[in-house]
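Contents: one structure, followed by commentary.
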Amino acid sequence: MKLTLKIWRQGGKYKGEFVTYELPNVNAHMSFLEMLDVLNEDLVSRREEPVAFEHDCREGICGTCSLVIDGRPHGPWKGTTTCQVHMRHYKDGDTIVIEPYRAKAFPVLKDLVVDRSALDRIIQAGGYVSVNTGQAQDANAIPVSQEDASKAFDSAACIGCGACVAACPNASGMLFTSAKVSHLAMLPQGHAERRKRVLAMVAQMDTEGFGQCSNVKACEAECPKEISVDNIARMNREYAAAVFTSETAM
Amino acid sequence: MATDERSLRLDSKIPEGPVGEKWENYKGHVPLVSPNNKRRIDVIIVGSGLAGASAAASLGELGYNVKVFTYHDSPRRAHSIAAQGGINAAKNYRNDGDSVYRLFYDTIKGGDFRAREGNVHRLAEVSTDIIDQCVAQGVPFAREYGGLLDNRSFGGTQVSRTFYARGQTGQQLLIGAYQALSRQIALGSVKMYNRHEMLDVVTVDGKARGIIARNLITGELERHSGHAVVLATGGYGNVFYLSTNAMMCNVTAAWRAHRRGAFFGNPCFTQIHPTCIPVSGDYQSKLTLMSESLRNDGRCWVPKNAADCKKHPSEIPEDARDYYLERKYPAFGNLVPRDIASRAAKQVCDEGRGIGQTGLAVYLDFADAIKRFGRKTIEARYGNLFEMYEKITGENPYEVPMRIYPAVHYTMGGLWVDYELMTTVPGLYACGEANFSDHGANRLGASALMQGLADGYFVLPYTIGSYLSKEIRTGAIATNTAAFDTVEKEVRERIQKIFSINGKQSAESFHRRLGKIMWDKCGMARDAQGLKQAIQEIRELRKEFWSDLFMPGKADEFNPELEKALRVADFIELGELMCIDALNRNESCGGHFREEYQTEGGEALRDDKGYMYVAAWEWSENGEPTLHKEPLNYEEIEVVQRSYE
């Protein structure tokens with residue numbers, strides 16, 4: 001099939017603009033990123049600079065790939081990362097618009113590549129259990145109900161790709177942050193630090209320049225791992241509980 | 001090829017005593033570094049996957065100054081994250097007869113008697129601590145109704161010792177290690193360098209003292225020093241171009257260390273995983289694994305009659321199907337080790353009974369399991385894998401059997417290390433898949449995660465003290481020295497050379513051609529003639545690379561094409577060494593299958609007399625690597641012909 005791509009280019013000779021590329025011969029079995037590989041091979045063969053985009057595992061788990069495809073992070077298919085989008089969903093003659101994530105907390109580095117290290121700093125603020133290597137007791141010493149373990153897993157399945165931020169009109173980091181707060185709050189291992197954790201992580205989130213949550217729920221709709229906004233509700237409860245019981249808060 | 005039979009430099013440092021007491025003895029006598037001295041010692045760790053992140057967190061907790069380097073934008077992206085099925089541990093929570101000894105035995109046997117007893121026993125011993133540690137970090141392993149941990153079976157074993165977190169065990173374990181690492185970053189004991197790629201190691205008076213890293217955003221070359229350098233940089237499966245590895249996985253850090261004096265162990269030992277989604281076209285950039293756990297409930301088959309191969313599977317009646325694994329290996333059935341399952345798939349396809357358009361695929365069928373347990377149970381066990389399959393192929397595996405074929409997945413070979421995980425360069429360590437490891441000639445499923453975390457959490461933090469205890473008076477290592485000048489200059493010149501070629505072909509196209517040579521001649525089956533040919537072809541490809549490469553952009557900017565070219569250049573050199581190693585090993589063992597050496601039934605035929613050794617290769621500038629042999633002594637285990645029948 002023949003496709004037209006409108007791709008945001010920024011850096012080097014590009015000040016920040018959409019550049020149009022025609023791809024005359026796209027195979028329906030290709031993945032979306034393989035299509036961009038073909039474009040880049042072609043640009044290199046014409047001695048032009050390839051389009052910079054991030055990717056790694058290409059099986060939807062590492063969280064490296066991003067892109068806003070026709071206005072939607074990771075494209076329009078539910079529960080799918082960009083690397084899992086296949087060209088069979090497109091038809092001959094389609095035009096596809098490809099942009100980087102847009103958020104104050106995610107500065108553009110080049111073309112479609114943004115800096116998402118703010119998410120790491122939120123985890124560094126408290127997204128862990130303080131247990132040194134060797135301090136652990138036997139793994140079966142504390143039973144965890146299957147339901148709690150399963151729910152904790154649902155929250156822990158976040159791949160840290162940042163699509164929630166890109167989807168949100170406020171560029172809020174609430175879904176990402178709340179998924180980690182929930183994951184650890186739902187397990188007994190995370191209880192000792194739950195109050196301190198939520199306060200520290202929310203404070204870091206605000207410092208990084210993420211916007212506030214106004215219940216649009218676009219984050220949940222676009223999350224490739226379908227992380228629920230229930231996590232945000234849980235984080236708000238955790239936060240409130242922490243504020244009212246902590247002497248150091250606020 | 002030169003052979004150094006004396007191998008004076010290969011001291012594996014295996015402690016004395018019975019195999020079950022070696023590690024305890026070692027730990028009781030290894031020199032320690034006191035807390036106030038740890039503060040004066042800098043450790044560089046390259047790589048932030050399971051091995052790197054767990055080592056960095058643990059060393060940071062102990063009080064060392066740690067610097068971690070990754071080429072990713074975040075340490076959480078490392079390819080450990082993609083491991084699906086699980087992690088082994090000899091907990092015996094199932095009361096099914098498991099023990100440290102059995103895990104040790106299964107691993108040695110699974111590796112076809114080409115791994116060190118001492119290392120593997122240690123791995124089995126610390127396996128139980130890993131599960132404890134991960135649970136304490138908040139890793140949400142699967143649990144039973146009573147709230148206790150669940151297990152499942154994996155290939156090559158007859159017990160259930162695999163702990164798992166749905167089909168995303170690697171992700172959850174890596175996030176656990178990443179969180180522990182993040183905590184140390186916040187505490188200041190670890191400094192994290194994202195988007196930095198190590199391009200060389202710096203040695204001073206024969207000791208590893210630092211690295212040259214390229215800042216991938218600015219292109220600047222940076223000097224970083226330490227009292228020890230740890231490489232946790234993963235495997236080199238991407239030498240085959242198509243593999244289940246992530247796109248950026250590469251051998252550069254390990255290869256550069258090799259060129260600075262670190263021997264490379266058993267480079268030809270690669271694991272071809274039996275259950276991957278088959279290749280569909282020549283634009284393909286990577287292959288996707290379908291977890292081995294699927295073989296718990298899926299049955300592998302092809303038509304008995306080649307004429308049926310193009311028929312829809314539903315049109316092929318039960319008695320016209322060949323469940324070839326169950327037929328050939330009744331004791332283990334669909335759960336034979338990976339090398340055996342892969343070879344069996346290749347054999348039926350070579351016989352013309354492969355299915356699908358290319359004829360290079362077999363069925364993995366869940367119809368029986370769905371009938372027996374119901375769709376809901378199968379969904380709970382493998383839902384995310386089935387979804388992943390459907391996204392890629394457009395077919396629904398609940399209704400049509402999966403089509404699978406073997407693909408390159410893991411490399412058992414790697415930098416040669418002694419019992420302390422130190423390479424032949426003093427102060428240079430290798431952990432996880434980057435070392436030649438504990439898996440011999442074939443790794444069992446769910447053992448890569450175990451080894452990565454064993455090395456990082458429970459082995460290196462002890463063994464590195466043996467070396468660092470002699471460094472407490474050294475003081476900070478300066479980077480404004482002649483040694484750093486020289487190595488940085490060499491790196492700079494290598495990069496300049498790449499830009500100066502100004503040829504026509506992309507790095508990607510060279511990589512694809514290298515991969516084809518490797519897969520055709522050094523893949524699932526090898527023979528002497530093909531390997532000799534491959535060596536010639538690779539040498540020519542290398543010449544062509546350095547005379548016809550085109551490099552867009554500049555060196556001092558964000559330039560993914562340059563990153564790729566530097567990696568491909570090293571892959572080409574590694575590919576040649578792999579073929580040399582495969583040619584030298586005149587036997588079949590584990591994943592290394594030489595057509596000339598097989599039993600009548602087509603199984604691998606070892607030559608224990610001639611080849612029961614680790615092949616450790618020393619780099620040489622003239623292109624003729626020197627072979628050093630580390631003999632393998634089996635004191636505990638009786639070496640037998642491997643059988644899963």
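Letters A, B, ... go to the chains of the structure tokens in the order shown; residues in each chain start at 1; ligands are counted from 1 in the same order.
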
Write out as number ranges by chain each polymer residue whose atoms come within 10 Å of His86 of chain A, counting only C-alpha atoms; drop sequence neighbours fewer than 6 positions from it.
A: 27-35; B: 391-394

Kindly provide, as a list in words, the residues of chain B having any atom no farther than 6 Å from an atom of chain A, counting only C-alpha atoms.
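Therefore, the residues near the partner are Ser58, Arg77, Asp132, Gln133, Val135, Ala136, Gln137, Gly138, Pro140, Arg143, Glu144, Tyr145, Gly147, Leu148, Gln179, Ser182, Arg183, Ala186, Ala246, Met247, Met248 and Pro552 of chain B.
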
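DSSP secondary structure from the backbone places Thr82, Cys83, Gln84, Met87, Arg88, His89, Ser117, Ala118, Leu119, Asp120, Arg121, Ile122, Ile123 and Gln124 of chain A of segment 48-138 of chain A in helix (DSSP H, G or I).
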
How about saving the chosen residues, C-alpha atoms kept, as an mmCIF file, in the first residue's frame?
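File produced: again-v8.cif:
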```cif
data_model
loop_
_atom_site.group_PDB
_atom_site.id
_atom_site.type_symbol
_atom_site.label_atom_id
_atom_site.label_comp_id
_atom_site.auth_asym_id
_atom_site.auth_seq_id
_atom_site.Cartn_x
_atom_site.Cartn_y
_atom_site.Cartn_z
ATOM 1 C CA THR A 82 3.441 1.652 19.143
ATOM 2 C CA CYS A 83 5.778 -1.272 18.512
ATOM 3 C CA GLN A 84 2.785 -3.635 18.496
ATOM 4 C CA MET A 87 0.247 -1.922 9.187
ATOM 5 C CA ARG A 88 -2.617 -4.263 8.355
ATOM 6 C CA HIS A 89 -4.811 -1.762 10.202
ATOM 7 C CA SER A 117 13.712 11.030 33.144
ATOM 8 C CA ALA A 118 11.193 12.912 35.315
ATOM 9 C CA LEU A 119 9.430 9.563 35.752
ATOM 10 C CA ASP A 120 12.632 8.022 37.157
ATOM 11 C CA ARG A 121 12.925 10.853 39.650
ATOM 12 C CA ILE A 122 9.383 10.220 40.884
ATOM 13 C CA ILE A 123 10.332 6.611 41.623
ATOM 14 C CA GLN A 124 13.565 7.744 43.272
#
```

Determine the nearest neighbour of Phe210 of chain A from the options A:Ile232, A:Ala171, A:Val19, A:Leu67, counting only C-alpha atoms.
A:Ala171

For atom CA of Glu61 of chain B and atom CA of Pro35 of chain B, determine how far apart the two atoms are, in Å to one decimal place.
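Spanning atom CA of Glu61 of chain B to atom CA of Pro35 of chain B is a straight-line distance of 10.6 Å.
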
Using only C-alpha atoms, pick whichever of B:Leu199, B:Ala165, B:Leu187, B:Cys300 has the shortest atom-to-atom distance to Leu149 of chain B.
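Closest candidate: B:Ala165.
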
Which is closer to Met201 of chain A than all the others in A:Val216, A:Cys223, A:Ala240, A:Met174, using only C-alpha atoms?
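Answer, going by the shortest atom-to-atom distance: A:Met174.
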
Report as a PyMOL selection string all protein, DNA and RNA residues lying within 10 Å of Tyr429 of chain B, evaluated on only C-alpha atoms, omitting residues in the same chain fewer than 3 positions from it.
chain B and resi 45+208+228-232+262+415-418+420-426+434-435+460+464

Of the listed residues B:His227, B:Gln184, B:Met450, B:Gln168, that which approaches Lys470 of chain B most closely, counting only C-alpha atoms
B:His227

Neighbours of Cys164 of chain A within 10 Å (only C-alpha atoms; same-chain residues fewer than 4 positions away dropped), as a list in words?
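In the requested form, the answer reads Pro73, Tyr101, Gly160, Cys168, Pro169, Ala171, Ser172, Gly173, Met174, Leu175, Phe176, Lys217, Ala218, Cys219, Glu220, Ala221, Glu222, Cys223, Pro224 and Ile227 of chain A.
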
Just-selected residues, N, CA and C atoms written as a PDB file, in the first residue's frame:
```
ATOM      1  N   PRO A  73      -1.472   8.799  21.709  1.00  0.00           N
ATOM      2  CA  PRO A  73      -0.243   8.117  22.119  1.00  0.00           C
ATOM      3  C   PRO A  73      -0.322   6.618  21.792  1.00  0.00           C
ATOM      4  N   TYR A 101       5.647  12.917  22.035  1.00  0.00           N
ATOM      5  CA  TYR A 101       4.826  13.265  23.205  1.00  0.00           C
ATOM      6  C   TYR A 101       4.996  14.757  23.465  1.00  0.00           C
ATOM      7  N   GLY A 160       6.003   2.460  32.269  1.00  0.00           N
ATOM      8  CA  GLY A 160       6.726   3.727  32.367  1.00  0.00           C
ATOM      9  C   GLY A 160       6.969   4.400  31.030  1.00  0.00           C
ATOM     10  N   CYS A 168      -2.989  13.264  28.458  1.00  0.00           N
ATOM     11  CA  CYS A 168      -3.724  14.155  29.360  1.00  0.00           C
ATOM     12  C   CYS A 168      -3.661  15.605  28.880  1.00  0.00           C
ATOM     13  N   PRO A 169      -4.804  16.295  28.830  1.00  0.00           N
ATOM     14  CA  PRO A 169      -4.763  17.717  28.425  1.00  0.00           C
ATOM     15  C   PRO A 169      -3.955  18.573  29.403  1.00  0.00           C
ATOM     16  N   ALA A 171      -1.242  17.276  30.906  1.00  0.00           N
ATOM     17  CA  ALA A 171       0.057  16.595  31.009  1.00  0.00           C
ATOM     18  C   ALA A 171       0.332  16.177  32.443  1.00  0.00           C
ATOM     19  N   SER A 172      -0.665  15.557  33.044  1.00  0.00           N
ATOM     20  CA  SER A 172      -0.538  15.125  34.429  1.00  0.00           C
ATOM     21  C   SER A 172       0.209  13.802  34.526  1.00  0.00           C
ATOM     22  N   GLY A 173       0.939  13.625  35.601  1.00  0.00           N
ATOM     23  CA  GLY A 173       1.656  12.367  35.824  1.00  0.00           C
ATOM     24  C   GLY A 173       0.962  11.493  36.857  1.00  0.00           C
ATOM     25  N   MET A 174      -0.338  11.744  37.070  1.00  0.00           N
ATOM     26  CA  MET A 174      -1.054  11.051  38.158  1.00  0.00           C
ATOM     27  C   MET A 174      -1.175   9.547  37.940  1.00  0.00           C
ATOM     28  N   LEU A 175      -1.456   9.112  36.711  1.00  0.00           N
ATOM     29  CA  LEU A 175      -1.672   7.672  36.518  1.00  0.00           C
ATOM     30  C   LEU A 175      -0.384   6.907  36.790  1.00  0.00           C
ATOM     31  N   PHE A 176       0.721   7.423  36.255  1.00  0.00           N
ATOM     32  CA  PHE A 176       2.027   6.775  36.471  1.00  0.00           C
ATOM     33  C   PHE A 176       2.339   6.696  37.973  1.00  0.00           C
ATOM     34  N   LYS A 217      -9.678  11.258  32.298  1.00  0.00           N
ATOM     35  CA  LYS A 217      -9.508   9.803  32.119  1.00  0.00           C
ATOM     36  C   LYS A 217      -8.948   9.396  30.755  1.00  0.00           C
ATOM     37  N   ALA A 218      -8.379  10.338  30.037  1.00  0.00           N
ATOM     38  CA  ALA A 218      -7.721   9.982  28.773  1.00  0.00           C
ATOM     39  C   ALA A 218      -6.532   9.057  29.043  1.00  0.00           C
ATOM     40  N   CYS A 219      -5.911   9.213  30.206  1.00  0.00           N
ATOM     41  CA  CYS A 219      -4.742   8.386  30.544  1.00  0.00           C
ATOM     42  C   CYS A 219      -5.106   6.911  30.515  1.00  0.00           C
ATOM     43  N   GLU A 220      -6.227   6.571  31.156  1.00  0.00           N
ATOM     44  CA  GLU A 220      -6.658   5.176  31.206  1.00  0.00           C
ATOM     45  C   GLU A 220      -6.983   4.674  29.802  1.00  0.00           C
ATOM     46  N   ALA A 221      -7.650   5.529  29.023  1.00  0.00           N
ATOM     47  CA  ALA A 221      -8.047   5.118  27.676  1.00  0.00           C
ATOM     48  C   ALA A 221      -6.835   4.837  26.794  1.00  0.00           C
ATOM     49  N   GLU A 222      -5.762   5.592  26.985  1.00  0.00           N
ATOM     50  CA  GLU A 222      -4.609   5.454  26.098  1.00  0.00           C
ATOM     51  C   GLU A 222      -3.520   4.550  26.653  1.00  0.00           C
ATOM     52  N   CYS A 223      -3.611   4.178  27.909  1.00  0.00           N
ATOM     53  CA  CYS A 223      -2.534   3.378  28.518  1.00  0.00           C
ATOM     54  C   CYS A 223      -2.402   2.042  27.797  1.00  0.00           C
ATOM     55  N   PRO A 224      -1.213   1.733  27.281  1.00  0.00           N
ATOM     56  CA  PRO A 224      -1.063   0.469  26.560  1.00  0.00           C
ATOM     57  C   PRO A 224      -1.181  -0.746  27.476  1.00  0.00           C
ATOM     58  N   ILE A 227      -3.850   0.440  32.578  1.00  0.00           N
ATOM     59  CA  ILE A 227      -3.819   0.744  34.010  1.00  0.00           C
ATOM     60  C   ILE A 227      -5.059   1.588  34.331  1.00  0.00           C
TER      61      ILE A 227
END
```
